[in-house]
Amino acid sequence: MVLPEAIRTIRTAEAVILTQMVAMAREHMFVPARDVETVHAATINERVARLTGELTEDAETYPRLAAYIADLDKDGLVPLADRRLALRRPATVPRGVIERLPATAANTPGAEKVAAAWVWLDATPGRPAGGPHPRMAPRTVLAFDEGLNPEGRLALRDWWRHHLDTAEIATGDPATSGRGGAVTRHVS
């Protein structure tokens with residue numbers, strides 16, 4: 001799913017706050033938002049820096065961040081860099097998977113390519129720019145997403161998880177499996 005700009009700004013600000021909290025706990029030092037940019041792939045612009053300050057002062061921020069931390073503690077870190085590497089290559093999703101999708105999504109012009117772009121965004125929480133179709137219009141992927149039902153989303157997720165497992169078998173590298181777990185190398 002392509003996140004609207006406002007949501008991306010909020011998520012980036014929350015990531016900055018979490019990074020600052022971890023730095024404070026581990027290093028006993030405050031890390032300014034601008035310095036956090038070296039850790040994250042996201043750009044810390046003026047809006048993000050301002051929102052970071054506002055969220056830090058908002059008491060409702062901390063229960064939400066605690067929930068994120070609980071999820072990380074339970075699931076571990078997902079090796080996004082390895083997922084991105086493995087999912088950058090497939091330019092299309094196989095026709096057999098597309099046939100299992102609802103008609104609205106399956107009948108999208110170029111459905112195999114749009115599904116590959118959707119898979120990239122779903123599996124890597126990244127931007128289209130790094131995926132197999134960097135110039136695809138976000139509205140095309142959004143329209144495809146709107147045509148999916150929960151079963152269709154599960155079918156596409158099953159496909160990309162299987163693809164990652166196959167990549168792991170081919171390379172012998174468990175980091176490319178994308179399952180998270182104890183593997184924490186190449187996290188971005």
# chains A, B, ... in the order shown; residues from 1 in each chain; ligands from 1
>>> closest_atom_pairs(of="segment 1-110 of chain A", to="segment 158-167 of chain A", cutoff="9 Å", atoms="only C-alpha atoms", output="CSV")
residue,atom,partner,partner_atom,distance
A:Arg83,CA,A:Leu164,CA,7.2
A:Ala86,CA,A:Leu164,CA,6.6
A:Leu87,CA,A:Leu164,CA,7.7
A:Val93,CA,A:Trp159,CA,8.2
A:Pro94,CA,A:Trp159,CA,8.9
A:Val97,CA,A:Trp159,CA,7.4
>>> atom_distance(atom1="atom CA of Arg89 of chain A", atom2="atom CA of Leu156 of chain A")
16.0 Å
>>> closest_residue(among="A:Ala105, A:Met29, A:Ala13, A:Ala116", to="Glu146 of chain A", atoms="only C-alpha atoms")
A:Ala105
>>> closest_residue(among="A:Arg64, A:Lys74, A:His28, A:Arg95", to="Arg11 of chain A", atoms="only C-alpha atoms")
A:Arg64
>>> residues_around(residues="Arg100 of chain A", least_positions_apart="3", cutoff="9 Å", atoms="only C-alpha atoms", output="list of chain:residue names")
A:Arg95, A:Gly96, A:Val97, A:Ala103, A:Ala106, A:Glu151, A:Gly152, A:Ala155
>>> select_by_dssp(residues="segment 66-98 of chain A", states="helix (DSSP H, G or I)", output="number ranges by chain")
A: 66-75, 80-87, 95-98
>>> closest_residue(among="A:Ile17, A:Leu154, A:Met24, A:Ala137", to="Leu55 of chain A", atoms="only C-alpha atoms")
A:Ile17
>>> closest_residue(among="A:Leu148, A:Met136, A:Ala129, A:Val48", to="Glu5 of chain A", atoms="only C-alpha atoms")
A:Val48
>>> closest_residue(among="A:Ala49, A:Val31, A:Val36, A:Leu65", to="Glu14 of chain A", atoms="only C-alpha atoms")
A:Leu65
>>> atom_distance(atom1="atom CA of Pro102 of chain A", atom2="atom CA of Leu142 of chain A")
14.9 Å
